[in-house]
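Source file: coords.cif; contents: mmCIF, N, CA and C atoms.
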```
data_work
#
loop_
_atom_site.label_atom_id
_atom_site.label_comp_id
_atom_site.auth_asym_id
_atom_site.auth_seq_id
_atom_site.Cartn_x
_atom_site.Cartn_y
_atom_site.Cartn_z
N MET A 268 103.33 110.12 42.29
CA MET A 268 103.04 109.47 43.55
C MET A 268 103.69 110.26 44.68
N ALA A 269 102.96 110.55 45.70
CA ALA A 269 103.47 111.28 46.85
C ALA A 269 103.70 110.31 48.00
N LEU A 270 104.76 110.55 48.75
CA LEU A 270 105.11 109.72 49.88
C LEU A 270 105.30 110.64 51.08
N ALA A 271 104.53 110.44 52.13
CA ALA A 271 104.68 111.25 53.34
C ALA A 271 105.73 110.60 54.23
N ILE A 272 106.63 111.43 54.72
CA ILE A 272 107.71 110.95 55.59
C ILE A 272 107.51 111.56 56.97
N GLY A 273 107.82 110.80 57.98
CA GLY A 273 107.77 111.33 59.33
C GLY A 273 106.72 110.68 60.20
N ASP A 274 106.23 109.49 59.82
CA ASP A 274 105.21 108.86 60.63
C ASP A 274 105.65 107.52 61.22
N GLY A 275 106.96 107.28 61.28
CA GLY A 275 107.50 106.08 61.93
C GLY A 275 108.08 106.46 63.28
N CYS A 276 108.52 105.51 64.08
CA CYS A 276 108.95 105.83 65.44
C CYS A 276 110.18 106.74 65.45
N LEU A 277 111.28 106.37 64.78
CA LEU A 277 112.44 107.25 64.72
C LEU A 277 112.15 108.48 63.89
N ALA A 278 111.36 108.31 62.84
CA ALA A 278 111.06 109.42 61.95
C ALA A 278 110.21 110.49 62.62
N ASP A 279 109.61 110.19 63.78
CA ASP A 279 108.82 111.20 64.48
C ASP A 279 109.67 112.41 64.86
N GLN A 280 110.99 112.23 64.93
CA GLN A 280 111.88 113.33 65.26
C GLN A 280 112.11 114.25 64.07
N LEU A 281 111.76 113.82 62.88
CA LEU A 281 111.99 114.60 61.67
C LEU A 281 110.76 115.43 61.33
N ALA A 282 110.99 116.56 60.67
CA ALA A 282 109.89 117.37 60.17
C ALA A 282 109.13 116.57 59.12
N GLN A 283 107.85 116.77 59.04
CA GLN A 283 107.03 116.11 58.03
C GLN A 283 107.35 116.70 56.66
N PHE A 284 107.49 115.84 55.65
CA PHE A 284 107.67 116.31 54.28
C PHE A 284 107.13 115.27 53.33
N THR A 285 106.90 115.68 52.12
CA THR A 285 106.35 114.81 51.10
C THR A 285 107.30 114.76 49.92
N VAL A 286 107.56 113.55 49.42
CA VAL A 286 108.37 113.35 48.22
C VAL A 286 107.40 113.18 47.05
N VAL A 287 107.58 113.98 46.01
CA VAL A 287 106.77 113.88 44.81
C VAL A 287 107.73 113.66 43.64
N GLY A 288 107.75 112.44 43.12
CA GLY A 288 108.70 112.12 42.06
C GLY A 288 110.12 112.21 42.58
N ASN A 289 110.91 113.14 42.02
CA ASN A 289 112.30 113.29 42.46
C ASN A 289 112.54 114.58 43.22
N VAL A 290 111.47 115.12 43.84
CA VAL A 290 111.60 116.38 44.56
C VAL A 290 110.88 116.33 45.90
N ILE A 291 111.26 117.24 46.77
CA ILE A 291 110.52 117.55 47.98
C ILE A 291 110.04 118.98 47.79
N PRO A 292 108.76 119.15 47.41
CA PRO A 292 108.29 120.46 47.00
C PRO A 292 108.22 121.53 48.09
N GLY A 293 108.01 121.15 49.32
CA GLY A 293 107.85 122.14 50.39
C GLY A 293 109.05 122.22 51.31
N SER A 294 109.27 123.41 51.84
CA SER A 294 110.33 123.63 52.82
C SER A 294 110.11 122.72 54.03
N LEU A 295 111.17 122.21 54.58
CA LEU A 295 111.09 121.37 55.79
C LEU A 295 110.68 122.19 57.00
N THR A 296 110.92 123.49 56.94
CA THR A 296 110.63 124.36 58.07
C THR A 296 109.44 125.28 57.83
N GLY A 297 108.97 125.33 56.61
CA GLY A 297 107.88 126.23 56.27
C GLY A 297 108.35 127.60 55.81
N VAL A 298 109.64 127.84 55.90
CA VAL A 298 110.21 129.13 55.47
C VAL A 298 111.49 128.87 54.68
N PRO A 299 111.86 129.80 53.80
CA PRO A 299 113.12 129.64 53.06
C PRO A 299 114.32 129.69 54.01
N GLY A 300 115.40 129.06 53.59
CA GLY A 300 116.62 129.07 54.38
C GLY A 300 117.38 130.37 54.25
N ASP A 301 118.40 130.52 55.06
CA ASP A 301 119.27 131.69 55.08
C ASP A 301 120.53 131.39 54.26
N VAL A 302 120.77 132.18 53.23
CA VAL A 302 121.88 131.95 52.31
C VAL A 302 123.23 132.01 53.03
N ALA A 303 123.43 133.01 53.88
CA ALA A 303 124.72 133.16 54.58
C ALA A 303 124.99 131.97 55.50
N ARG A 304 123.98 131.54 56.24
CA ARG A 304 124.17 130.36 57.11
C ARG A 304 124.44 129.12 56.26
N GLY A 305 123.75 129.00 55.11
CA GLY A 305 123.98 127.86 54.23
C GLY A 305 125.40 127.81 53.72
N ARG A 306 125.93 128.96 53.32
CA ARG A 306 127.32 129.02 52.85
C ARG A 306 128.27 128.58 53.96
N SER A 307 128.01 129.03 55.16
CA SER A 307 128.84 128.67 56.31
C SER A 307 128.83 127.15 56.54
N ILE A 308 127.68 126.53 56.40
CA ILE A 308 127.57 125.08 56.58
C ILE A 308 128.33 124.34 55.48
N VAL A 309 128.16 124.78 54.24
CA VAL A 309 128.84 124.12 53.11
C VAL A 309 130.36 124.20 53.28
N LEU A 310 130.87 125.31 53.75
CA LEU A 310 132.32 125.49 53.88
C LEU A 310 132.88 124.93 55.18
N ASN A 311 132.03 124.60 56.13
CA ASN A 311 132.47 124.12 57.43
C ASN A 311 132.84 122.64 57.35
N ARG A 312 134.09 122.35 57.60
CA ARG A 312 134.59 120.98 57.47
C ARG A 312 134.23 120.11 58.67
N ALA A 313 133.55 120.67 59.66
CA ALA A 313 133.10 119.88 60.81
C ALA A 313 131.58 119.71 60.84
N VAL A 314 130.85 120.44 60.01
CA VAL A 314 129.39 120.35 60.03
C VAL A 314 128.90 119.71 58.73
N GLY A 315 128.95 120.43 57.63
CA GLY A 315 128.43 119.91 56.37
C GLY A 315 129.36 118.92 55.69
N LEU A 316 130.63 119.14 55.84
CA LEU A 316 131.66 118.30 55.20
C LEU A 316 131.54 118.25 53.68
N CYS A 317 130.86 119.22 53.09
CA CYS A 317 130.62 119.20 51.64
C CYS A 317 131.91 119.18 50.83
N LEU A 318 132.91 119.97 51.27
CA LEU A 318 134.15 120.08 50.51
C LEU A 318 135.06 118.87 50.66
N LEU A 319 134.66 117.91 51.46
CA LEU A 319 135.38 116.65 51.52
C LEU A 319 135.28 115.95 50.17
N CYS A 320 134.11 116.02 49.54
CA CYS A 320 133.87 115.35 48.26
C CYS A 320 133.70 116.32 47.09
N HIS A 321 133.12 117.49 47.35
CA HIS A 321 132.83 118.46 46.29
C HIS A 321 133.88 119.55 46.24
N SER A 322 134.03 120.13 45.05
CA SER A 322 134.75 121.39 44.90
C SER A 322 133.70 122.43 44.54
N GLY A 323 134.12 123.68 44.50
CA GLY A 323 133.17 124.72 44.15
C GLY A 323 133.85 126.05 43.95
N PRO A 324 133.06 127.07 43.72
CA PRO A 324 133.61 128.40 43.47
C PRO A 324 134.01 129.10 44.77
N PHE A 325 134.94 128.48 45.46
CA PHE A 325 135.41 128.97 46.76
C PHE A 325 136.94 129.03 46.73
N PRO A 326 137.52 130.00 46.01
CA PRO A 326 138.98 130.02 45.85
C PRO A 326 139.73 130.15 47.17
N GLU A 327 139.07 130.68 48.19
CA GLU A 327 139.73 130.83 49.49
C GLU A 327 139.87 129.51 50.24
N GLU A 328 139.15 128.50 49.80
CA GLU A 328 139.18 127.20 50.49
C GLU A 328 140.18 126.26 49.82
N ARG A 329 141.11 125.78 50.61
CA ARG A 329 142.09 124.82 50.11
C ARG A 329 141.55 123.41 50.25
N PHE A 330 142.13 122.51 49.50
CA PHE A 330 141.84 121.08 49.62
C PHE A 330 140.37 120.74 49.41
N GLN A 331 139.84 121.10 48.26
CA GLN A 331 138.48 120.75 47.91
C GLN A 331 138.44 119.39 47.25
N GLY A 332 137.35 118.68 47.42
CA GLY A 332 137.23 117.31 46.94
C GLY A 332 137.04 117.20 45.43
N ASN A 333 137.23 115.96 44.95
CA ASN A 333 137.02 115.69 43.52
C ASN A 333 136.28 114.36 43.31
N LEU A 334 135.57 113.91 44.34
CA LEU A 334 134.82 112.65 44.24
C LEU A 334 133.39 112.86 43.74
N ALA A 335 132.90 114.08 43.83
CA ALA A 335 131.50 114.38 43.51
C ALA A 335 131.45 115.59 42.59
N PRO A 336 130.30 115.87 42.00
CA PRO A 336 130.20 117.01 41.08
C PRO A 336 130.61 118.33 41.72
N ASP A 337 131.20 119.19 40.90
CA ASP A 337 131.54 120.55 41.32
C ASP A 337 130.24 121.28 41.69
N LEU A 338 130.27 122.05 42.75
CA LEU A 338 129.08 122.79 43.17
C LEU A 338 128.84 124.04 42.33
N LYS A 339 129.81 124.43 41.53
CA LYS A 339 129.63 125.58 40.63
C LYS A 339 128.44 125.31 39.71
N GLY A 340 127.51 126.26 39.66
CA GLY A 340 126.35 126.12 38.79
C GLY A 340 125.24 125.23 39.32
N THR A 341 125.34 124.82 40.58
CA THR A 341 124.35 123.93 41.16
C THR A 341 122.93 124.48 41.04
N GLY A 342 122.77 125.77 41.31
CA GLY A 342 121.45 126.38 41.25
C GLY A 342 120.89 126.48 39.84
N ALA A 343 121.76 126.42 38.84
CA ALA A 343 121.29 126.42 37.45
C ALA A 343 120.93 125.01 36.98
N ARG A 344 121.54 124.00 37.60
CA ARG A 344 121.29 122.62 37.19
C ARG A 344 120.05 122.01 37.84
N TRP A 345 119.76 122.42 39.08
CA TRP A 345 118.66 121.82 39.82
C TRP A 345 117.80 122.89 40.47
N SER A 346 116.53 122.60 40.60
CA SER A 346 115.60 123.49 41.29
C SER A 346 115.80 123.38 42.80
N VAL A 347 115.23 124.32 43.52
CA VAL A 347 115.28 124.27 44.99
C VAL A 347 114.69 122.94 45.48
N GLU A 348 113.59 122.51 44.87
CA GLU A 348 112.94 121.26 45.28
C GLU A 348 113.82 120.04 45.01
N GLN A 349 114.55 120.06 43.90
CA GLN A 349 115.48 118.96 43.60
C GLN A 349 116.69 118.99 44.54
N LEU A 350 117.20 120.18 44.83
CA LEU A 350 118.32 120.30 45.77
C LEU A 350 117.92 119.79 47.15
N ARG A 351 116.70 120.12 47.56
CA ARG A 351 116.22 119.66 48.88
C ARG A 351 116.19 118.13 48.93
N MET A 352 115.73 117.48 47.87
CA MET A 352 115.70 116.02 47.83
C MET A 352 117.10 115.45 47.94
N ARG A 353 118.05 116.05 47.22
CA ARG A 353 119.43 115.57 47.26
C ARG A 353 120.04 115.72 48.65
N MET A 354 119.71 116.80 49.33
CA MET A 354 120.24 117.01 50.68
C MET A 354 119.58 116.09 51.69
N VAL A 355 118.29 115.92 51.60
CA VAL A 355 117.56 115.09 52.57
C VAL A 355 118.03 113.64 52.46
N ASP A 356 117.98 113.06 51.26
CA ASP A 356 118.37 111.66 51.11
C ASP A 356 118.57 111.35 49.63
N SER A 357 119.77 111.56 49.15
CA SER A 357 120.06 111.35 47.73
C SER A 357 120.00 109.87 47.33
N ARG A 358 119.94 108.98 48.31
CA ARG A 358 119.80 107.54 47.99
C ARG A 358 118.47 107.26 47.29
N LYS A 359 117.49 108.13 47.51
CA LYS A 359 116.19 107.96 46.85
C LYS A 359 116.31 108.19 45.35
N LEU A 360 117.34 108.92 44.92
CA LEU A 360 117.58 109.21 43.51
C LEU A 360 118.62 108.27 42.91
N ASN A 361 119.59 107.89 43.73
CA ASN A 361 120.67 107.02 43.29
C ASN A 361 121.07 106.11 44.46
N PRO A 362 120.61 104.87 44.46
CA PRO A 362 120.91 103.98 45.59
C PRO A 362 122.40 103.73 45.81
N ASP A 363 123.22 103.98 44.79
CA ASP A 363 124.66 103.74 44.91
C ASP A 363 125.46 105.00 45.25
N THR A 364 124.79 106.09 45.56
CA THR A 364 125.48 107.34 45.85
C THR A 364 126.38 107.21 47.08
N ILE A 365 127.43 108.02 47.09
CA ILE A 365 128.28 108.09 48.29
C ILE A 365 127.92 109.32 49.14
N MET A 366 126.98 110.11 48.66
CA MET A 366 126.56 111.30 49.41
C MET A 366 125.77 110.87 50.64
N PRO A 367 126.09 111.47 51.77
CA PRO A 367 125.34 111.12 52.99
C PRO A 367 123.88 111.52 52.89
N ALA A 368 123.04 110.79 53.57
CA ALA A 368 121.63 111.15 53.73
C ALA A 368 121.58 112.10 54.92
N TYR A 369 121.53 113.40 54.66
CA TYR A 369 121.65 114.39 55.72
C TYR A 369 120.42 114.52 56.61
N TYR A 370 119.27 114.03 56.13
CA TYR A 370 118.05 114.17 56.93
C TYR A 370 117.23 112.89 56.88
N ALA A 371 117.91 111.77 57.15
CA ALA A 371 117.26 110.47 57.16
C ALA A 371 117.77 109.67 58.35
N LEU A 372 116.95 108.76 58.81
CA LEU A 372 117.33 107.91 59.93
C LEU A 372 117.28 106.43 59.57
N ASP A 373 116.68 106.09 58.45
CA ASP A 373 116.49 104.69 58.09
C ASP A 373 117.55 104.22 57.10
N GLY A 374 117.87 102.94 57.16
CA GLY A 374 118.77 102.32 56.20
C GLY A 374 120.22 102.76 56.30
N LEU A 375 120.62 103.32 57.43
CA LEU A 375 122.00 103.78 57.60
C LEU A 375 122.84 102.66 58.20
N ASN A 376 124.09 102.62 57.84
CA ASN A 376 125.01 101.60 58.34
C ASN A 376 126.17 102.26 59.08
N ARG A 377 126.64 101.58 60.11
CA ARG A 377 127.83 102.02 60.85
C ARG A 377 127.74 103.48 61.27
N VAL A 378 126.67 103.82 61.96
CA VAL A 378 126.44 105.18 62.43
C VAL A 378 127.21 105.38 63.74
N ALA A 379 127.98 106.45 63.82
CA ALA A 379 128.71 106.77 65.05
C ALA A 379 127.71 107.00 66.18
N PRO A 380 128.05 106.57 67.39
CA PRO A 380 127.13 106.71 68.51
C PRO A 380 126.61 108.14 68.69
N ALA A 381 127.42 109.14 68.42
CA ALA A 381 127.00 110.53 68.58
C ALA A 381 125.88 110.92 67.62
N TYR A 382 125.74 110.19 66.51
CA TYR A 382 124.72 110.51 65.51
C TYR A 382 123.56 109.53 65.49
N ALA A 383 123.60 108.52 66.33
CA ALA A 383 122.54 107.52 66.33
C ALA A 383 121.20 108.15 66.68
N GLY A 384 120.20 107.89 65.83
CA GLY A 384 118.85 108.35 66.09
C GLY A 384 118.58 109.81 65.79
N LYS A 385 119.54 110.49 65.13
CA LYS A 385 119.29 111.88 64.76
C LYS A 385 119.93 112.17 63.40
N PRO A 386 119.35 113.11 62.66
CA PRO A 386 119.89 113.42 61.34
C PRO A 386 121.22 114.16 61.44
N LEU A 387 122.00 114.13 60.36
CA LEU A 387 123.27 114.83 60.34
C LEU A 387 123.09 116.34 60.39
N LEU A 388 122.05 116.83 59.72
CA LEU A 388 121.72 118.26 59.74
C LEU A 388 120.27 118.43 60.17
N THR A 389 119.97 119.55 60.78
CA THR A 389 118.60 119.86 61.17
C THR A 389 117.80 120.30 59.94
N ALA A 390 116.50 120.36 60.08
CA ALA A 390 115.65 120.84 58.99
C ALA A 390 116.05 122.27 58.60
N GLU A 391 116.32 123.10 59.58
CA GLU A 391 116.73 124.48 59.30
C GLU A 391 118.06 124.51 58.54
N GLN A 392 119.01 123.68 58.95
CA GLN A 392 120.30 123.63 58.25
C GLN A 392 120.14 123.15 56.81
N ILE A 393 119.27 122.16 56.59
CA ILE A 393 118.99 121.69 55.23
C ILE A 393 118.48 122.85 54.38
N GLU A 394 117.51 123.59 54.90
CA GLU A 394 116.95 124.72 54.15
C GLU A 394 117.98 125.81 53.90
N ASP A 395 118.87 126.04 54.87
CA ASP A 395 119.94 127.03 54.68
C ASP A 395 120.89 126.60 53.56
N VAL A 396 121.29 125.34 53.55
CA VAL A 396 122.19 124.84 52.50
C VAL A 396 121.50 124.91 51.14
N VAL A 397 120.25 124.51 51.08
CA VAL A 397 119.50 124.56 49.83
C VAL A 397 119.43 126.00 49.31
N ALA A 398 119.16 126.95 50.21
CA ALA A 398 119.09 128.36 49.80
C ALA A 398 120.42 128.82 49.23
N PHE A 399 121.52 128.43 49.86
CA PHE A 399 122.83 128.83 49.36
C PHE A 399 123.14 128.16 48.01
N LEU A 400 122.94 126.85 47.93
CA LEU A 400 123.26 126.15 46.68
C LEU A 400 122.45 126.71 45.51
N ALA A 401 121.24 127.15 45.77
CA ALA A 401 120.40 127.71 44.71
C ALA A 401 120.98 129.02 44.16
N THR A 402 121.85 129.69 44.93
CA THR A 402 122.46 130.93 44.44
C THR A 402 123.65 130.67 43.52
N LEU A 403 124.16 129.45 43.50
CA LEU A 403 125.32 129.13 42.67
C LEU A 403 124.86 128.89 41.24
N ARG A 404 124.72 129.96 40.48
CA ARG A 404 124.13 129.90 39.15
C ARG A 404 125.17 129.82 38.03
N ASP A 405 126.40 130.24 38.27
CA ASP A 405 127.43 130.26 37.20
C ASP A 405 128.36 129.07 37.32
#
```
Hey, can you dump this file as structure tokens for me?
Amino acid sequence: MALAIGDGCLADQLAQFTVVGNVIPGSLTGVPGDVARGRSIVLNRAVGLCLLCHSGPFPEERFQGNLAPDLKGTGARWSVEQLRMRMVDSRKLNPDTIMPAYYALDGLNRVAPAYAGKPLLTAEQIEDVVAFLATLRD
């Protein structure tokens, strides 16, 4: 079953995408993301905040999280399409997840005024993070 996203009033601000099963098969931007920019977002404690909950193969980074799966081997465990779904809105896969919905506007609670009505990451940033995570094969 395919579900088209992006045809509601707030959702009009989001890129159109389709969910098929547990994946989003197409890029949100129409092009692959940039691996270097994705790495920068993952390690940035003010943008992606990934290391707040995750650890990974980043020995130079201190104080990595232990609340969520290690990012080591992420690209071997999940396809690009599965990673994209997890980044866009992992609640669609696990309603009890603590992972933020990085590219969703619906069903959010206690949203800071600065983030009201806009996603945490842009479509381009989502694709960049997905491209980087896909390189983590070991």
From the list A:Ala401, A:Ala313, A:Leu387, A:Ala335, the nearest residue to Gly300 in chain A using only C-alpha atoms is A:Ala401
note - atom N of Ala371 in chain A and atom N of Glu328 in chain A are separated by 28.0 Å
Interatomic distance (Å, one decimal) between atom N of Val396 in chain A and atom C of Asp301 in chain A
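Calculated distance between atom N of Val396 in chain A and atom C of Asp301 in chain A is 6.1 Å.
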What does the distance from CA of Ser307 in chain A to CA of Asp373 in chain A come to in Å, to one decimal?
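About the pair CA of Ser307 in chain A and CA of Asp373 in chain A: they are 27.0 Å apart.
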Identify, with DSSP run on backbone atoms, the residues in chain A assigned to strand (DSSP E or B), and express the list as a list in words.
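Matching residues for strand (DSSP E or B) in chain A are Ala269, Leu270, Ala271, Ile272, Phe284, Thr285, Val286, Val287 and Val290 of chain A.
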For a cutoff of 7 Å around the file-coordinate point (128.1, 124.4, 40.9), which residues qualify once you count all atoms listed in the file? I'd like the result as an mmCIF file with N, CA and C atoms, in the frame of the given file.
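This went into result-v2.cif:
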```cif
data_model
loop_
_atom_site.group_PDB
_atom_site.id
_atom_site.type_symbol
_atom_site.label_atom_id
_atom_site.label_comp_id
_atom_site.auth_asym_id
_atom_site.auth_seq_id
_atom_site.Cartn_x
_atom_site.Cartn_y
_atom_site.Cartn_z
ATOM 1 N N SER A 322 134.030 120.130 45.050
ATOM 2 C CA SER A 322 134.750 121.390 44.900
ATOM 3 C C SER A 322 133.700 122.430 44.540
ATOM 4 N N GLY A 323 134.120 123.680 44.500
ATOM 5 C CA GLY A 323 133.170 124.720 44.150
ATOM 6 C C GLY A 323 133.850 126.050 43.950
ATOM 7 N N PRO A 324 133.060 127.070 43.720
ATOM 8 C CA PRO A 324 133.610 128.400 43.470
ATOM 9 C C PRO A 324 134.010 129.100 44.770
ATOM 10 N N PRO A 336 130.300 115.870 42.000
ATOM 11 C CA PRO A 336 130.200 117.010 41.080
ATOM 12 C C PRO A 336 130.610 118.330 41.720
ATOM 13 N N ASP A 337 131.200 119.190 40.900
ATOM 14 C CA ASP A 337 131.540 120.550 41.320
ATOM 15 C C ASP A 337 130.240 121.280 41.690
ATOM 16 N N LEU A 338 130.270 122.050 42.750
ATOM 17 C CA LEU A 338 129.080 122.790 43.170
ATOM 18 C C LEU A 338 128.840 124.040 42.330
ATOM 19 N N LYS A 339 129.810 124.430 41.530
ATOM 20 C CA LYS A 339 129.630 125.580 40.630
ATOM 21 C C LYS A 339 128.440 125.310 39.710
ATOM 22 N N GLY A 340 127.510 126.260 39.660
ATOM 23 C CA GLY A 340 126.350 126.120 38.790
ATOM 24 C C GLY A 340 125.240 125.230 39.320
ATOM 25 N N THR A 341 125.340 124.820 40.580
ATOM 26 C CA THR A 341 124.350 123.930 41.160
ATOM 27 C C THR A 341 122.930 124.480 41.040
ATOM 28 N N GLY A 342 122.770 125.770 41.310
ATOM 29 C CA GLY A 342 121.450 126.380 41.250
ATOM 30 C C GLY A 342 120.890 126.480 39.840
ATOM 31 N N ALA A 343 121.760 126.420 38.840
ATOM 32 C CA ALA A 343 121.290 126.420 37.450
ATOM 33 C C ALA A 343 120.930 125.010 36.980
ATOM 34 N N LEU A 403 124.160 129.450 43.500
ATOM 35 C CA LEU A 403 125.320 129.130 42.670
ATOM 36 C C LEU A 403 124.860 128.890 41.240
ATOM 37 N N ARG A 404 124.720 129.960 40.480
ATOM 38 C CA ARG A 404 124.130 129.900 39.150
ATOM 39 C C ARG A 404 125.170 129.820 38.030
ATOM 40 N N ASP A 405 126.400 130.240 38.270
ATOM 41 C CA ASP A 405 127.430 130.260 37.200
ATOM 42 C C ASP A 405 128.360 129.070 37.320
#
```
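For the set A:Leu334, A:Val309, A:Val287, A:Leu281, the residue with the smallest atom-to-atom gap to His321 in chain A is A:Leu334, counting all atoms listed in the file.
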Mind running range 282-327 of chain A against range 348-361 of chain A at 7 Å and telling me each contacting residue's nearest atom pair with the distance in Å (one decimal), counting all atoms listed in the file, chain and number ascending, as CSV?
```
residue,atom,partner,partner_atom,distance
A:Asn289,C,A:Gln349,CA,5.3
A:Val290,CA,A:Glu348,C,4.3
A:Ile291,N,A:Glu348,C,4.2
A:Pro292,CA,A:Glu348,CA,5.0
A:Gly293,N,A:Glu348,CA,6.4
```
Take the residues from that selection and write them out as a compact mmCIF listing (two decimals), keeping the file's coordinate frame, keeping N, CA and C atoms.
```txt
# COMPACT_ATOMS: atom_id res chain seq x y z
N ASN A 289 110.91 113.14 42.02
CA ASN A 289 112.30 113.29 42.46
C ASN A 289 112.54 114.58 43.22
N VAL A 290 111.47 115.12 43.84
CA VAL A 290 111.60 116.38 44.56
C VAL A 290 110.88 116.33 45.90
N ILE A 291 111.26 117.24 46.77
CA ILE A 291 110.52 117.55 47.98
C ILE A 291 110.04 118.98 47.79
N PRO A 292 108.76 119.15 47.41
CA PRO A 292 108.29 120.46 47.00
C PRO A 292 108.22 121.53 48.09
N GLY A 293 108.01 121.15 49.32
CA GLY A 293 107.85 122.14 50.39
C GLY A 293 109.05 122.22 51.31
```
